[in-house]
>>> print(open('model_2.cif').read())   # mmCIF, C-alpha atoms (C1' of nucleotides)
data_query
#
loop_
_atom_site.label_atom_id
_atom_site.label_comp_id
_atom_site.auth_asym_id
_atom_site.auth_seq_id
_atom_site.Cartn_x
_atom_site.Cartn_y
_atom_site.Cartn_z
CA MET A 69 123.15 120.09 105.68
CA PHE A 70 120.72 117.48 104.35
CA HIS A 71 123.49 116.83 101.87
CA ALA A 72 125.82 116.08 104.76
CA LEU A 73 123.26 113.58 106.05
CA ALA A 74 122.85 112.03 102.61
CA ASP A 75 125.89 109.74 102.91
CA ALA A 76 125.73 106.51 104.89
CA THR A 77 129.33 106.76 106.08
CA ARG A 78 128.73 110.27 107.37
CA ARG A 79 125.57 109.25 109.20
CA ASP A 80 127.55 106.45 110.82
CA ILE A 81 130.28 108.88 111.80
CA LEU A 82 127.59 111.04 113.37
CA ARG A 83 126.32 108.09 115.41
CA ARG A 84 129.75 106.99 116.53
CA SER A 85 130.85 110.51 117.42
CA ILE A 86 128.04 111.09 119.88
CA GLY A 87 130.34 110.70 122.84
CA GLY A 88 132.95 113.01 121.37
CA GLU A 89 135.72 110.62 122.37
CA LEU A 90 137.00 109.44 119.01
CA SER A 91 139.89 110.92 117.06
CA VAL A 92 139.79 111.11 113.28
CA THR A 93 142.31 108.28 112.98
CA ARG A 94 140.32 106.05 115.31
CA LEU A 95 137.14 106.78 113.36
CA ALA A 96 138.92 106.10 110.11
CA ALA A 97 139.96 102.66 111.36
CA SER A 98 136.29 101.61 111.30
CA TYR A 99 135.73 102.16 107.63
CA PRO A 100 137.01 100.37 104.55
CA MET A 101 138.51 103.50 103.07
CA SER A 102 141.55 105.68 103.48
CA PHE A 103 142.15 108.05 106.34
CA ALA A 104 141.95 110.96 103.93
CA ALA A 105 138.48 109.92 102.78
CA VAL A 106 137.17 109.80 106.35
CA GLN A 107 138.85 113.10 107.02
CA LYS A 108 136.92 114.59 104.12
CA HIS A 109 133.66 113.21 105.49
CA VAL A 110 134.39 114.75 108.87
CA THR A 111 135.12 118.05 107.14
CA VAL A 112 131.77 117.92 105.34
CA LEU A 113 129.99 117.20 108.63
CA GLU A 114 131.91 120.01 110.29
CA ARG A 115 131.03 122.56 107.63
CA ALA A 116 127.39 121.53 107.94
CA GLY A 117 127.63 122.24 111.65
CA LEU A 118 126.76 118.65 112.50
CA VAL A 119 130.06 117.96 114.20
CA THR A 120 132.78 119.83 116.06
CA LYS A 121 136.45 119.02 116.43
CA GLU A 122 138.53 119.56 119.53
CA ARG A 123 142.28 119.25 119.70
CA ARG A 124 143.80 117.05 122.34
CA GLY A 125 147.49 116.82 121.88
CA ARG A 126 148.23 115.69 118.38
CA GLU A 127 144.84 114.15 117.84
CA GLN A 128 141.55 115.79 117.04
CA LEU A 129 138.44 114.53 118.83
CA VAL A 130 135.18 114.56 116.88
CA SER A 131 131.81 115.05 118.53
CA THR A 132 128.36 115.49 117.03
CA ALA A 133 126.56 118.77 117.59
CA PRO A 134 123.04 117.97 118.75
CA ASP A 135 121.67 121.42 117.93
CA ALA A 136 122.17 120.97 114.22
CA VAL A 137 120.64 117.51 114.24
CA SER A 138 117.56 118.75 116.05
CA ARG A 139 117.32 121.65 113.63
CA ALA A 140 117.13 119.23 110.73
CA ARG A 141 114.58 117.15 112.55
CA ARG A 142 112.42 120.20 113.19
CA ALA A 143 112.59 121.12 109.51
CA LEU A 144 111.07 117.76 108.62
CA ASP A 145 108.66 118.24 111.51
CA ARG A 146 107.37 121.42 109.95
CA LEU A 147 106.94 119.74 106.60
CA GLU A 148 104.96 116.92 108.17
CA THR A 149 102.81 119.31 110.18
CA ALA A 150 102.07 121.39 107.12
CA TRP A 151 100.99 118.26 105.30
CA ARG A 152 98.73 117.19 108.16
CA GLU A 153 97.10 120.59 108.38
CA ARG A 154 96.52 120.64 104.66
CA VAL A 155 94.91 117.21 104.75
CA ASP A 156 92.75 118.16 107.72
CA ARG A 157 91.55 121.25 105.93
CA MET A 158 90.67 119.21 102.84
CA SER A 159 88.87 116.55 104.85
CA ARG A 160 86.82 119.23 106.56
CA LEU A 161 85.91 120.75 103.20
CA LEU A 162 84.91 117.37 101.83
CA ALA A 163 82.87 116.57 104.92
CA GLN A 164 80.72 119.66 104.59
CA ASP A 165 80.32 119.07 100.87
CA THR A 166 77.49 116.68 100.05
CA ASP A 167 77.06 117.24 96.29
CA PRO A 168 78.29 113.95 94.72
CA ALA A 169 79.19 115.51 91.37
CA ARG A 170 81.34 118.14 92.99
CA ALA A 171 82.70 115.66 95.52
CA ASN A 172 83.69 113.44 92.62
CA ARG A 173 85.47 116.26 90.86
CA THR A 174 87.34 117.19 94.02
CA ARG A 175 88.03 113.65 95.16
CA GLY A 176 91.51 113.35 93.75
CA ARG A 177 93.20 111.14 96.30
CA ASN A 178 91.44 110.25 99.54
CA MET B 1136 116.33 109.56 100.65
CA PHE B 1137 118.32 112.15 102.57
CA HIS B 1138 119.92 112.76 99.24
CA ALA B 1139 116.51 113.54 97.80
CA LEU B 1140 115.99 116.05 100.59
CA ALA B 1141 119.41 117.59 99.99
CA ASP B 1142 118.31 119.85 97.14
CA ALA B 1143 116.47 123.11 97.82
CA THR B 1144 114.32 122.84 94.69
CA ARG B 1145 113.24 119.34 95.66
CA ARG B 1146 112.35 120.40 99.20
CA ASP B 1147 110.26 123.19 97.71
CA ILE B 1148 108.52 120.74 95.37
CA LEU B 1149 107.74 118.63 98.42
CA ARG B 1150 106.14 121.60 100.15
CA ARG B 1151 104.14 122.68 97.13
CA SER B 1152 102.95 119.17 96.39
CA ILE B 1153 101.35 118.63 99.76
CA GLY B 1154 97.87 119.07 98.33
CA GLY B 1155 98.55 116.70 95.45
CA GLU B 1156 96.86 119.09 93.05
CA LEU B 1157 99.74 120.18 90.88
CA SER B 1158 100.82 118.67 87.60
CA VAL B 1159 104.49 118.43 86.68
CA THR B 1160 104.10 121.21 84.14
CA ARG B 1161 102.41 123.49 86.66
CA LEU B 1162 105.15 122.77 89.18
CA ALA B 1163 107.79 123.43 86.57
CA ALA B 1164 106.32 126.87 85.87
CA SER B 1165 107.37 127.96 89.36
CA TYR B 1166 111.05 127.38 88.91
CA PRO B 1167 113.67 129.14 86.83
CA MET B 1168 114.66 125.97 85.01
CA SER B 1169 113.45 123.75 82.23
CA PHE B 1170 110.51 121.38 82.46
CA ALA B 1171 112.89 118.45 82.03
CA ALA B 1172 114.94 119.55 85.03
CA VAL B 1173 111.88 119.71 87.27
CA GLN B 1174 110.75 116.39 85.88
CA LYS B 1175 114.08 114.90 86.95
CA HIS B 1176 113.65 116.33 90.44
CA VAL B 1177 110.20 114.80 90.70
CA THR B 1178 111.63 111.47 89.57
CA VAL B 1179 114.28 111.63 92.29
CA LEU B 1180 111.61 112.39 94.89
CA GLU B 1181 109.47 109.59 93.55
CA ARG B 1182 112.25 107.01 93.68
CA ALA B 1183 112.96 108.08 97.26
CA GLY B 1184 109.32 107.41 98.07
CA LEU B 1185 108.77 111.01 99.08
CA VAL B 1186 106.24 111.69 96.36
CA THR B 1187 103.71 109.79 94.27
CA LYS B 1188 102.36 110.56 90.83
CA GLU B 1189 98.80 109.99 89.68
CA ARG B 1190 97.62 110.29 86.11
CA ARG B 1191 94.67 112.49 85.35
CA GLY B 1192 94.12 112.62 81.63
CA ARG B 1193 97.28 113.76 79.98
CA GLU B 1194 98.72 115.35 83.08
CA GLN B 1195 100.39 113.76 86.06
CA LEU B 1196 99.52 115.06 89.53
CA VAL B 1197 102.29 115.07 92.13
CA SER B 1198 101.61 114.61 95.82
CA THR B 1199 104.00 114.23 98.73
CA ALA B 1200 103.95 110.97 100.67
CA PRO B 1201 103.80 111.80 104.37
CA ASP B 1202 104.94 108.37 105.50
CA ALA B 1203 108.39 108.76 103.99
CA VAL B 1204 108.79 112.24 105.40
CA SER B 1205 107.91 111.09 108.88
CA ARG B 1206 110.27 108.14 108.50
CA ALA B 1207 113.13 110.54 107.81
CA ARG B 1208 112.10 112.68 110.73
CA ARG B 1209 112.06 109.68 113.03
CA ALA B 1210 115.55 108.69 111.87
CA LEU B 1211 116.86 112.05 113.03
CA ASP B 1212 114.74 111.66 116.15
CA ARG B 1213 116.55 108.44 117.00
CA LEU B 1214 119.92 110.07 116.45
CA GLU B 1215 119.01 112.92 118.76
CA THR B 1216 117.62 110.58 121.40
CA ALA B 1217 120.73 108.43 121.29
CA TRP B 1218 122.84 111.52 121.79
CA ARG B 1219 120.76 112.65 124.74
CA GLU B 1220 120.89 109.23 126.40
CA ARG B 1221 124.63 109.05 125.91
CA VAL B 1222 125.11 112.46 127.48
CA ASP B 1223 122.83 111.57 130.38
CA ARG B 1224 124.74 108.37 131.04
CA MET B 1225 128.04 110.24 131.00
CA SER B 1226 126.76 112.93 133.33
CA ARG B 1227 125.55 110.28 135.76
CA LEU B 1228 128.90 108.49 135.66
CA LEU B 1229 130.80 111.70 136.22
CA ALA B 1230 128.48 112.71 139.05
CA GLN B 1231 129.00 109.49 141.02
CA ASP B 1232 132.70 109.41 140.29
CA THR B 1233 134.78 111.81 142.38
CA ASP B 1234 138.28 110.43 141.81
CA PRO B 1235 139.75 112.56 139.02
CA ALA B 1236 142.45 110.02 138.07
CA ARG B 1237 139.93 107.22 137.63
CA ALA B 1238 137.58 109.51 135.73
CA ASN B 1239 140.43 110.23 133.38
CA ARG B 1240 141.32 106.58 132.91
CA THR B 1241 137.69 105.52 132.28
CA ARG B 1242 136.94 108.26 129.79
CA GLY B 1243 138.46 106.55 126.80
CA ARG B 1244 135.92 103.70 126.29
CA ASN B 1245 137.83 101.11 124.25
"C1'" DT C 628 92.06 114.66 61.38
"C1'" DA C 629 95.16 118.38 62.86
"C1'" DG C 630 97.12 120.86 66.31
"C1'" DA C 631 98.19 121.97 71.01
"C1'" DT C 632 99.57 120.33 75.43
"C1'" DC C 633 101.62 117.22 78.83
"C1'" DT C 634 104.82 113.83 79.67
"C1'" DA C 635 108.92 110.67 79.07
"C1'" DC C 636 113.45 110.04 78.00
"C1'" DA C 637 117.95 110.16 75.65
"C1'" DA C 638 122.24 112.66 74.89
"C1'" DC C 639 125.20 115.92 76.29
"C1'" DC C 640 127.95 119.28 79.44
"C1'" DG C 641 130.20 121.48 83.46
"C1'" DA C 642 130.63 121.08 88.28
"C1'" DA C 643 130.55 118.62 92.44
"C1'" DT C 644 131.25 114.01 94.99
"C1'" DG C 645 133.63 110.31 96.89
"C1'" DG C 646 137.42 108.04 96.56
"C1'" DT C 647 142.69 107.51 95.92
"C1'" DT C 648 147.94 108.57 96.73
"C1'" DG C 649 151.48 111.51 98.12
"C1'" DT C 650 153.65 115.17 100.73
"C1'" DA C 651 154.36 117.98 104.68
"C1'" DG C 652 153.68 120.10 109.35
"C1'" DA C 653 152.83 119.22 114.55
"C1'" DT C 654 153.03 116.72 118.39
"C1'" DG C 655 154.42 112.92 121.62
"C1'" DA C 656 157.78 109.38 122.93
"C1'" DA C 657 162.36 107.05 123.09
"C1'" DT D 124 167.41 114.59 118.28
"C1'" DT D 125 165.10 111.02 115.99
"C1'" DC D 126 161.25 108.42 115.01
"C1'" DA D 127 156.43 107.23 114.98
"C1'" DT D 128 151.82 109.09 114.98
"C1'" DC D 129 148.09 112.26 113.87
"C1'" DT D 130 146.50 115.63 111.01
"C1'" DA D 131 146.00 118.73 106.88
"C1'" DC D 132 145.82 119.34 102.23
"C1'" DA D 133 146.94 119.14 97.27
"C1'" DA D 134 146.46 116.60 92.97
"C1'" DC D 135 144.21 113.37 90.48
"C1'" DC D 136 140.38 110.11 88.74
"C1'" DA D 137 135.77 108.01 87.89
"C1'" DT D 138 131.13 108.73 88.79
"C1'" DT D 139 127.13 111.30 89.90
"C1'" DC D 140 124.42 115.61 89.81
"C1'" DG D 141 121.88 119.33 88.12
"C1'" DG D 142 121.10 121.45 84.33
"C1'" DT D 143 120.35 121.90 79.09
"C1'" DT D 144 118.20 120.74 74.27
"C1'" DG D 145 115.89 117.72 71.31
"C1'" DT D 146 112.78 114.04 70.00
"C1'" DA D 147 108.79 111.25 70.43
"C1'" DG D 148 104.50 109.24 72.43
"C1'" DA D 149 99.70 110.22 74.62
"C1'" DT D 150 95.91 112.72 75.33
"C1'" DC D 151 92.68 116.51 74.91
"C1'" DT D 152 90.30 119.93 71.75
"C1'" DA D 153 88.87 122.40 67.55
#
>>> encode(input="model_2.cif", output="structure tokens")
Amino acid sequence: MFHALADATRRDILRRSIGGELSVTRLAASYPMSFAAVQKHVTVLERAGLVTKERRGREQLVSTAPDAVSRARRALDRLETAWRERVDRMSRLLAQDTDPARANRTRGRN
Amino acid sequence: MFHALADATRRDILRRSIGGELSVTRLAASYPMSFAAVQKHVTVLERAGLVTKERRGREQLVSTAPDAVSRARRALDRLETAWRERVDRMSRLLAQDTDPARANRTRGRN
DNA sequence: TAGATCTACAACCGAATGGTTGTAGATGAA
DNA sequence: TTCATCTACAACCATTCGGTTGTAGATCTA
């Protein structure tokens, strides 16, 4: 899923498919590559759950799935929160530690 | 940068390097792969700005850079927000528009 | 100094990626 | 029906990825 987000073209497809009004062909027209290439990108996004396709006649409309996007965002959220907590805990430890020798040994980075 | 996040081992390295206390060798001991492989992962994370290395004697301590993580999170944030705004705008349009034929004609946007 | 440890990096390999072209099936329109 | 359009997918190619082993430089320790 992060892999699906790792390509600039795919991220752009995600942005442009927010409304869910564009067919694969119409999307493909926006990029300097073949229809088949864009089709592959859409498939990758679809398998990552970032996008859904809906048939309308002979065309297939692409729309981004917000749930998956927010799931990825929350994953990074957790990572950031964990980091913040860890730093807070270390700062607290350093604050209540007044021995310079030990403080020096533990100083590491901030 | 999303590419750096796209590998499970690298995401785990990010988590375990939050404290900035682990050397590359110590990190490598946690994974079922060679030291060189882990070293490569750390390099990828470093070039993506997700991690920094700091020499201490002969070892190199790895610590995650929170700024980059939060930047990635905010990127997804923007995507999600854009989606929500788009949906809101569409709902409002549909709500104030009661003529089904016109609604159909206006849907296409382009 | 000698030896152990930590790191850096090159060379290689198989598999996956991102792109291409070509072919074929559905669907809509004349 | 016939033709154009949209989609799906296979086959292929060059490059990148994730892993390996091997070699060599730095730094600590006995």
>>> resolve_selection(input="model_2.cif", expression="the PyMOL selection byres ((chain B) within 9 of (chain C))", output="list in words")
Ser1158, Val1159, Thr1160, Gln1174, Arg1193, Glu1194 and Gln1195 of chain B
>>> atom_distance(input="model_2.cif", atom1="C1' of DT150 (chain D)", atom2="CA of Met1168 (chain B)")
24.9 Å
>>> interface_residues(input="model_2.cif", of="chain D", to="chain A", cutoff="9 Å", atoms="only C-alpha atoms (C1' of nucleotides)", output="list in words")
DT128, DC129 and DT130 of chain D
>>> closest_atom_pairs(input="model_2.cif", of="chain A", to="chain B", cutoff="9 Å", atoms="all atoms listed in the file", output="JSON lines")
{"residue": "A:Met69", "atom": "CA", "partner": "B:Ala1141", "partner_atom": "CA", "distance": 7.3}
{"residue": "A:Phe70", "atom": "CA", "partner": "B:Ala1141", "partner_atom": "CA", "distance": 4.6}
{"residue": "A:His71", "atom": "CA", "partner": "B:Ala1141", "partner_atom": "CA", "distance": 4.6}
{"residue": "A:Ala72", "atom": "CA", "partner": "B:Ala1141", "partner_atom": "CA", "distance": 8.1}
{"residue": "A:Leu73", "atom": "CA", "partner": "B:Phe1137", "partner_atom": "CA", "distance": 6.2}
{"residue": "A:Ala74", "atom": "CA", "partner": "B:His1138", "partner_atom": "CA", "distance": 4.5}
{"residue": "A:Asp75", "atom": "CA", "partner": "B:His1138", "partner_atom": "CA", "distance": 7.6}
{"residue": "A:Leu82", "atom": "CA", "partner": "B:Leu1214", "partner_atom": "CA", "distance": 8.3}
{"residue": "A:Arg83", "atom": "CA", "partner": "B:Leu1214", "partner_atom": "CA", "distance": 6.8}
{"residue": "A:Ile86", "atom": "CA", "partner": "B:Trp1218", "partner_atom": "CA", "distance": 5.6}
{"residue": "A:Gly87", "atom": "CA", "partner": "B:Arg1221", "partner_atom": "CA", "distance": 6.7}
{"residue": "A:Glu89", "atom": "CA", "partner": "B:Gly1243", "partner_atom": "CA", "distance": 6.6}
{"residue": "A:Leu90", "atom": "CA", "partner": "B:Gly1243", "partner_atom": "CA", "distance": 8.4}
{"residue": "A:Thr132", "atom": "CA", "partner": "B:Trp1218", "partner_atom": "CA", "distance": 8.3}
{"residue": "A:Pro134", "atom": "CA", "partner": "B:Glu1215", "partner_atom": "CA", "distance": 6.5}
{"residue": "A:Asp135", "atom": "CA", "partner": "B:Glu1215", "partner_atom": "CA", "distance": 8.9}
{"residue": "A:Val137", "atom": "CA", "partner": "B:Glu1215", "partner_atom": "CA", "distance": 6.6}
{"residue": "A:Ser138", "atom": "CA", "partner": "B:Glu1215", "partner_atom": "CA", "distance": 6.6}
{"residue": "A:Ala140", "atom": "CA", "partner": "B:Leu1211", "partner_atom": "CA", "distance": 7.5}
{"residue": "A:Arg141", "atom": "CA", "partner": "B:Arg1208", "partner_atom": "CA", "distance": 5.4}
{"residue": "A:Arg142", "atom": "CA", "partner": "B:Arg1208", "partner_atom": "CA", "distance": 7.9}
{"residue": "A:Ala143", "atom": "CA", "partner": "B:Arg1208", "partner_atom": "CA", "distance": 8.5}
{"residue": "A:Leu144", "atom": "CA", "partner": "B:Arg1208", "partner_atom": "CA", "distance": 5.6}
{"residue": "A:Asp145", "atom": "CA", "partner": "B:Arg1208", "partner_atom": "CA", "distance": 6.6}
{"residue": "A:Leu147", "atom": "CA", "partner": "B:Arg1150", "partner_atom": "CA", "distance": 6.8}
{"residue": "A:Glu148", "atom": "CA", "partner": "B:Pro1201", "partner_atom": "CA", "distance": 6.5}
{"residue": "A:Ala150", "atom": "CA", "partner": "B:Ile1153", "partner_atom": "CA", "distance": 7.9}
{"residue": "A:Trp151", "atom": "CA", "partner": "B:Ile1153", "partner_atom": "CA", "distance": 5.6}
{"residue": "A:Arg152", "atom": "CA", "partner": "B:Pro1201", "partner_atom": "CA", "distance": 8.3}
{"residue": "A:Arg154", "atom": "CA", "partner": "B:Gly1154", "partner_atom": "CA", "distance": 6.7}
{"residue": "A:Val155", "atom": "CA", "partner": "B:Gly1154", "partner_atom": "CA", "distance": 7.3}
{"residue": "A:Met158", "atom": "CA", "partner": "B:Gly1154", "partner_atom": "CA", "distance": 8.5}
{"residue": "A:Gly176", "atom": "CA", "partner": "B:Glu1156", "partner_atom": "CA", "distance": 7.9}
{"residue": "A:Arg177", "atom": "CA", "partner": "B:Gly1155", "partner_atom": "CA", "distance": 7.8}
>>> calpha_fit_rmsd(input="model_2.cif", fixed="chain A", moving="chain B")
2.5 Å
>>> atom_distance(input="model_2.cif", atom1="CA of Pro100 (chain A)", atom2="CA of Thr77 (chain A)")
10.1 Å
>>> atom_distance(input="model_2.cif", atom1="CA of Thr1178 (chain B)", atom2="CA of Ile1148 (chain B)")
11.4 Å
>>> resolve_selection(input="model_2.cif", expression="the PyMOL selection byres ((chain D and resi 143) around 8)", output="JSON, numbers by chain")
{"B": [1169], "D": [142, 144]}
